[in-house]
Amino acid sequence: MRVLFYDDAPEFGGHETMTLAAVRHLAQQPDMALGFMFFRGNLRLSQQITDLAARCPRLEPMPQDYASRQFQFLRTLLSFRAIRRMAQVMKAFRPDVVVVAQGAIAFGSAGLMAAMKAGLPTISYIPMTHPETLFSASRLKAALREPVNRLYYRLPDEYITISPRMEDYLRRHGMRQRVTVVKVAVDLAACHAVDRAEARAKWGLAADDWVIALVGRVQFWQKRQDLAIQGLALARQKLPKLKLLVVGDGPDLDTLKALVAAEGVADSVIFTGWTAGLSAVYSAIDALVIPSRYEGVPLVMIEAMYFRRPVVAAAVDGMMDTLPSHWLFPSGDAPAFAARLVELAAAHEDALLDAHRQRVVDSHALPVFERDFMTALVSAAHRIGRPPGSVA
């Protein structure tokens with residue numbers, strides 16, 4: 001079977017991690033030949049694909065200059081030449097199926113259009129299928145995006161998504177295509193406990209500090225780091241030893257630092273920048289926090305569960321589907337977030353933490369994902385009308 005993957009994300013995120021995990025497994029199968037079209041400016045993705053191809057001769061890297069950007073829902077409609085070039089490249093590879101990795105439906109939509117122009121069957125591998133009103137503060141932008149994105153939602157022959165909630169969102173968009181749910185996974189072999197005192201010393205944390213962490217791209221609209229700082233200021237009134245690790249970079253980092261100063265919590269917040277391996281972070285903290293407005297199923301949540309760390313999160317999406325209700329708070333409610341932190345600091349829930357770790361081992365380990373993704377892909381390729389080797 002010849003499978004072509006397409007991902008034009010300009011930055012490396014959790015969805016690229018999962019897409020690469022699928023490619024890495026498929027490239028080891030003797031009956032698979034893979035191509036991977038990707039934006040060459042995504043340096044982390046480019047390097048990982050190049051390294052993988054050096055070990056797996058069945059994988060052909062196919063770098064390109066096109067990337068999804070802001071207002072991509074309109075850019076795709078205007079990218080005639082780029083889509084024509086991509087269609088030619090896709091057709092020359094002769095894939096039996098094209099898998100388009102899309103963070104959301106507009107991102108990667110140029111790949112969907114190129115595959116359609118080349119007459120190739122497509123599977124959208126998509127983690128976030130929310131209503132457009134969640135993606136933007138502007139009702140006008142949401143209103144403009146909705147009809148265009150409805151067009152993009154119709155293009156794939158089938159979908160692979162990450163949770164029943166995302167499948168439900170697809171149905172609400174009116175989609176009739178087959179949807180297969182494949183749960184996200186983490187590489188448990190890369191998750192190793194670090195001595196707690198040693199991990200804390202790295203960031204100047206004391207043994208009696210109660211430490212929480214925010215991990216991810218610093219972008220207020222989705223990730224709500226601003227709300228976390230407001231909640232931290234409230235919770236610190238009852239938890240004077242409360243400390244926050246901010247792990248990540250992003251467009252709102254400078255604004256976040258200014259907010260930390262304005263709220264008077266600079267002595268409680270530590271900015272670490274991006275850290276490649278998060279084992280030391282999970283080993284150092286007492287809890288992870290995810291105040292996001294929307295998510296898919298965050299990999300950091302799964303990792304924290306494996307490390308037996310509680311997760312205080314907004315009651316949305318993958319967090320609402322996964323976490324106990326007393327760890328959740330209404331989205332956007334800083335006082336409720338603060339109250340959850342105070343309650344959790346006094347709690348002892350060893351049995352629940354043990355159960356969460358076992359749940360990760362049973363349902364979110366990498367071999368489970370690899371098996372389920374390959375099964376979904378092969379089944380879809382046979383259903384959508386192009387048996388292996390039939391592309392002219």
# chains A, B, ... in the order shown; residues from 1 in each chain; ligands from 1

call {"tool": "residues_around", "arguments": {"residues": "Arg81 of chain A", "least_positions_apart": "6", "cutoff": "12 Å", "atoms": "only C-alpha atoms", "output": "list in words"}}
result
Tyr66, Arg75, Ala87, Gln88, Ala110, Met113, Ala114 and Lys117 of chain A

call {"tool": "write_last_selection", "arguments": {"atoms": "C-alpha atoms", "output": "short mmCIF file (atom, residue, chain, number, x, y, z; two decimals), in the first residue's frame"}}
result
data_model
loop_
_atom_site.label_atom_id
_atom_site.label_comp_id
_atom_site.auth_asym_id
_atom_site.auth_seq_id
_atom_site.Cartn_x
_atom_site.Cartn_y
_atom_site.Cartn_z
CA TYR A 66 3.45 26.07 1.31
CA ARG A 75 -6.00 31.63 1.49
CA ALA A 87 -1.63 18.03 -6.98
CA GLN A 88 1.08 17.19 -9.53
CA ALA A 110 -4.97 23.22 0.61
CA MET A 113 -8.01 20.56 -2.43
CA ALA A 114 -4.80 19.31 -4.07
CA LYS A 117 -7.65 17.97 -7.98
#

call {"tool": "residues_around", "arguments": {"residues": "Ala380 of chain A", "least_positions_apart": "3", "cutoff": "10 Å", "atoms": "only C-alpha atoms", "output": "PyMOL selection string"}}
result
chain A and resi 97+121-123+157-160+178-180+374-377+383-386

call {"tool": "residues_around", "arguments": {"residues": "Arg171 of chain A", "least_positions_apart": "6", "cutoff": "12 Å", "atoms": "only C-alpha atoms", "output": "PyMOL selection string"}}
result
chain A and resi 129-131+150+153-154+159+164-165+177-179

call {"tool": "atom_distance", "arguments": {"atom1": "atom CA of Thr50 of chain A", "atom2": "atom CA of Val3 of chain A"}}
result
17.3 Å

call {"tool": "closest_atom_pairs", "arguments": {"of": "segment 89-140 of chain A", "to": "segment 290-308 of chain A", "cutoff": "8 Å", "atoms": "only C-alpha atoms", "output": "Markdown table"}}
result
| residue | atom | partner | partner_atom | distance |
| --- | --- | --- | --- | --- |
| A:Pro127 | CA | A:Gly296 | CA | 5.5 |
| A:Met128 | CA | A:Gly296 | CA | 5.4 |
| A:Leu134 | CA | A:Tyr294 | CA | 7.1 |

call {"tool": "select_by_dssp", "arguments": {"residues": "segment 99-306 of chain A", "states": "helix (DSSP H, G or I)", "output": "PyMOL selection string"}}
result
chain A and resi 109-117+132-134+139-154+164-172+188-190+196-202+220-223+225-235+253-262+266-268+279-284+299-306

call {"tool": "closest_atom_pairs", "arguments": {"of": "segment 335-377 of chain A", "to": "segment 197-220 of chain A", "cutoff": "12 Å", "atoms": "only C-alpha atoms", "output": "Markdown table"}}
result
| residue | atom | partner | partner_atom | distance |
| --- | --- | --- | --- | --- |
| A:Ala338 | CA | A:Ile212 | CA | 11.9 |
| A:Leu341 | CA | A:Ile212 | CA | 9.0 |
| A:Val342 | CA | A:Trp210 | CA | 10.3 |
| A:Leu344 | CA | A:Trp210 | CA | 10.4 |
| A:Ala345 | CA | A:Trp210 | CA | 7.4 |
| A:Ala346 | CA | A:Trp210 | CA | 10.4 |

call {"tool": "residues_around", "arguments": {"residues": "Leu352 of chain A", "least_positions_apart": "4", "cutoff": "10 Å", "atoms": "only C-alpha atoms", "output": "PyMOL selection string"}}
result
chain A and resi 305+308+310+324+348+356-358

call {"tool": "residues_around", "arguments": {"residues": "Gly231 of chain A", "least_positions_apart": "2", "cutoff": "6 Å", "atoms": "only C-alpha atoms", "output": "PyMOL selection string"}}
result
chain A and resi 228-229+233-234+334+337-338

call {"tool": "atom_distance", "arguments": {"atom1": "atom CA of Val99 of chain A", "atom2": "atom CA of Asp51 of chain A"}}
result
20.6 Å

call {"tool": "residues_around", "arguments": {"residues": "Val368 of chain A", "least_positions_apart": "3", "cutoff": "10 Å", "atoms": "only C-alpha atoms", "output": "ChimeraX atom specification"}}
result
/A:182-186,361-365,371-373

call {"tool": "select_by_dssp", "arguments": {"residues": "segment 181-386 of chain A", "states": "strand (DSSP E)", "output": "ChimeraX atom specification"}}
result
/A:181,210-215,242-247,269-271,287-290,311-314,328-329

call {"tool": "residues_around", "arguments": {"residues": "Val148 of chain A", "least_positions_apart": "4", "cutoff": "12 Å", "atoms": "only C-alpha atoms", "output": "PyMOL selection string"}}
result
chain A and resi 71-77+105-106+109+132+141-144+152-155

call {"tool": "closest_residue", "arguments": {"among": "A:Ala104, A:Ala118, A:Leu34, A:Leu328", "to": "Arg85 of chain A", "atoms": "only C-alpha atoms"}}
result
A:Ala118

call {"tool": "closest_residue", "arguments": {"among": "A:Ala355, A:Ala261, A:Ala67, A:Met37", "to": "Val89 of chain A", "atoms": "only C-alpha atoms"}}
result
A:Met37

call {"tool": "closest_residue", "arguments": {"among": "A:Glu263, A:Met1, A:Gln28, A:Cys56", "to": "Ser379 of chain A", "atoms": "only C-alpha atoms"}}
result
A:Met1

call {"tool": "atom_distance", "arguments": {"atom1": "atom CA of Arg196 of chain A", "atom2": "atom CA of Phe271 of chain A"}}
result
18.8 Å

call {"tool": "decode", "arguments": {"residues": "segment 360-383 of chain A", "atoms": "N, CA and C atoms", "output": "mmCIF file, in the first residue's frame"}}
result
data_model
loop_
_atom_site.group_PDB
_atom_site.id
_atom_site.type_symbol
_atom_site.label_atom_id
_atom_site.label_comp_id
_atom_site.auth_asym_id
_atom_site.auth_seq_id
_atom_site.Cartn_x
_atom_site.Cartn_y
_atom_site.Cartn_z
ATOM 1 N N VAL A 360 -3.945 5.077 31.391
ATOM 2 C CA VAL A 360 -3.008 5.466 30.346
ATOM 3 C C VAL A 360 -2.307 4.236 29.782
ATOM 4 N N VAL A 361 -1.851 3.363 30.647
ATOM 5 C CA VAL A 361 -1.163 2.144 30.209
ATOM 6 C C VAL A 361 -2.072 1.303 29.316
ATOM 7 N N ASP A 362 -3.339 1.203 29.680
ATOM 8 C CA ASP A 362 -4.274 0.342 28.955
ATOM 9 C C ASP A 362 -4.764 0.948 27.643
ATOM 10 N N SER A 363 -4.974 2.287 27.627
ATOM 11 C CA SER A 363 -5.674 2.895 26.492
ATOM 12 C C SER A 363 -4.885 3.944 25.733
ATOM 13 N N HIS A 364 -3.817 4.464 26.306
ATOM 14 C CA HIS A 364 -3.104 5.575 25.675
ATOM 15 C C HIS A 364 -1.616 5.309 25.511
ATOM 16 N N ALA A 365 -1.219 4.045 25.501
ATOM 17 C CA ALA A 365 0.171 3.696 25.227
ATOM 18 C C ALA A 365 0.394 3.665 23.712
ATOM 19 N N LEU A 366 1.614 3.931 23.303
ATOM 20 C CA LEU A 366 1.925 4.049 21.885
ATOM 21 C C LEU A 366 1.570 2.802 21.072
ATOM 22 N N PRO A 367 1.835 1.587 21.548
ATOM 23 C CA PRO A 367 1.458 0.418 20.745
ATOM 24 C C PRO A 367 -0.039 0.323 20.469
ATOM 25 N N VAL A 368 -0.861 0.796 21.404
ATOM 26 C CA VAL A 368 -2.310 0.789 21.193
ATOM 27 C C VAL A 368 -2.670 1.745 20.065
ATOM 28 N N PHE A 369 -2.098 2.947 20.094
ATOM 29 C CA PHE A 369 -2.343 3.923 19.029
ATOM 30 C C PHE A 369 -1.865 3.390 17.683
ATOM 31 N N GLU A 370 -0.662 2.837 17.640
ATOM 32 C CA GLU A 370 -0.108 2.333 16.378
ATOM 33 C C GLU A 370 -1.011 1.275 15.765
ATOM 34 N N ARG A 371 -1.479 0.354 16.580
ATOM 35 C CA ARG A 371 -2.369 -0.712 16.096
ATOM 36 C C ARG A 371 -3.667 -0.118 15.582
ATOM 37 N N ASP A 372 -4.279 0.771 16.357
ATOM 38 C CA ASP A 372 -5.594 1.300 15.994
ATOM 39 C C ASP A 372 -5.515 2.219 14.782
ATOM 40 N N PHE A 373 -4.453 3.022 14.687
ATOM 41 C CA PHE A 373 -4.337 3.914 13.528
ATOM 42 C C PHE A 373 -4.126 3.104 12.256
ATOM 43 N N MET A 374 -3.266 2.110 12.284
ATOM 44 C CA MET A 374 -3.024 1.314 11.092
ATOM 45 C C MET A 374 -4.288 0.568 10.667
ATOM 46 N N THR A 375 -5.021 0.039 11.639
ATOM 47 C CA THR A 375 -6.276 -0.641 11.318
ATOM 48 C C THR A 375 -7.259 0.317 10.661
ATOM 49 N N ALA A 376 -7.370 1.530 11.224
ATOM 50 C CA ALA A 376 -8.285 2.530 10.659
ATOM 51 C C ALA A 376 -7.873 2.926 9.252
ATOM 52 N N LEU A 377 -6.581 3.115 9.042
ATOM 53 C CA LEU A 377 -6.082 3.530 7.736
ATOM 54 C C LEU A 377 -6.308 2.458 6.677
ATOM 55 N N VAL A 378 -5.919 1.240 6.980
ATOM 56 C CA VAL A 378 -6.052 0.162 5.994
ATOM 57 C C VAL A 378 -7.526 -0.096 5.674
ATOM 58 N N SER A 379 -8.368 -0.101 6.699
ATOM 59 C CA SER A 379 -9.796 -0.320 6.469
ATOM 60 C C SER A 379 -10.381 0.780 5.594
ATOM 61 N N ALA A 380 -10.007 2.037 5.890
ATOM 62 C CA ALA A 380 -10.521 3.163 5.108
ATOM 63 C C ALA A 380 -10.041 3.082 3.662
ATOM 64 N N ALA A 381 -8.769 2.753 3.456
ATOM 65 C CA ALA A 381 -8.224 2.687 2.104
ATOM 66 C C ALA A 381 -8.970 1.659 1.251
ATOM 67 N N HIS A 382 -9.407 0.569 1.852
ATOM 68 C CA HIS A 382 -10.158 -0.439 1.108
ATOM 69 C C HIS A 382 -11.609 -0.001 0.870
ATOM 70 N N ARG A 383 -12.138 0.820 1.780
ATOM 71 C CA ARG A 383 -13.543 1.228 1.635
ATOM 72 C C ARG A 383 -13.739 2.293 0.578
#
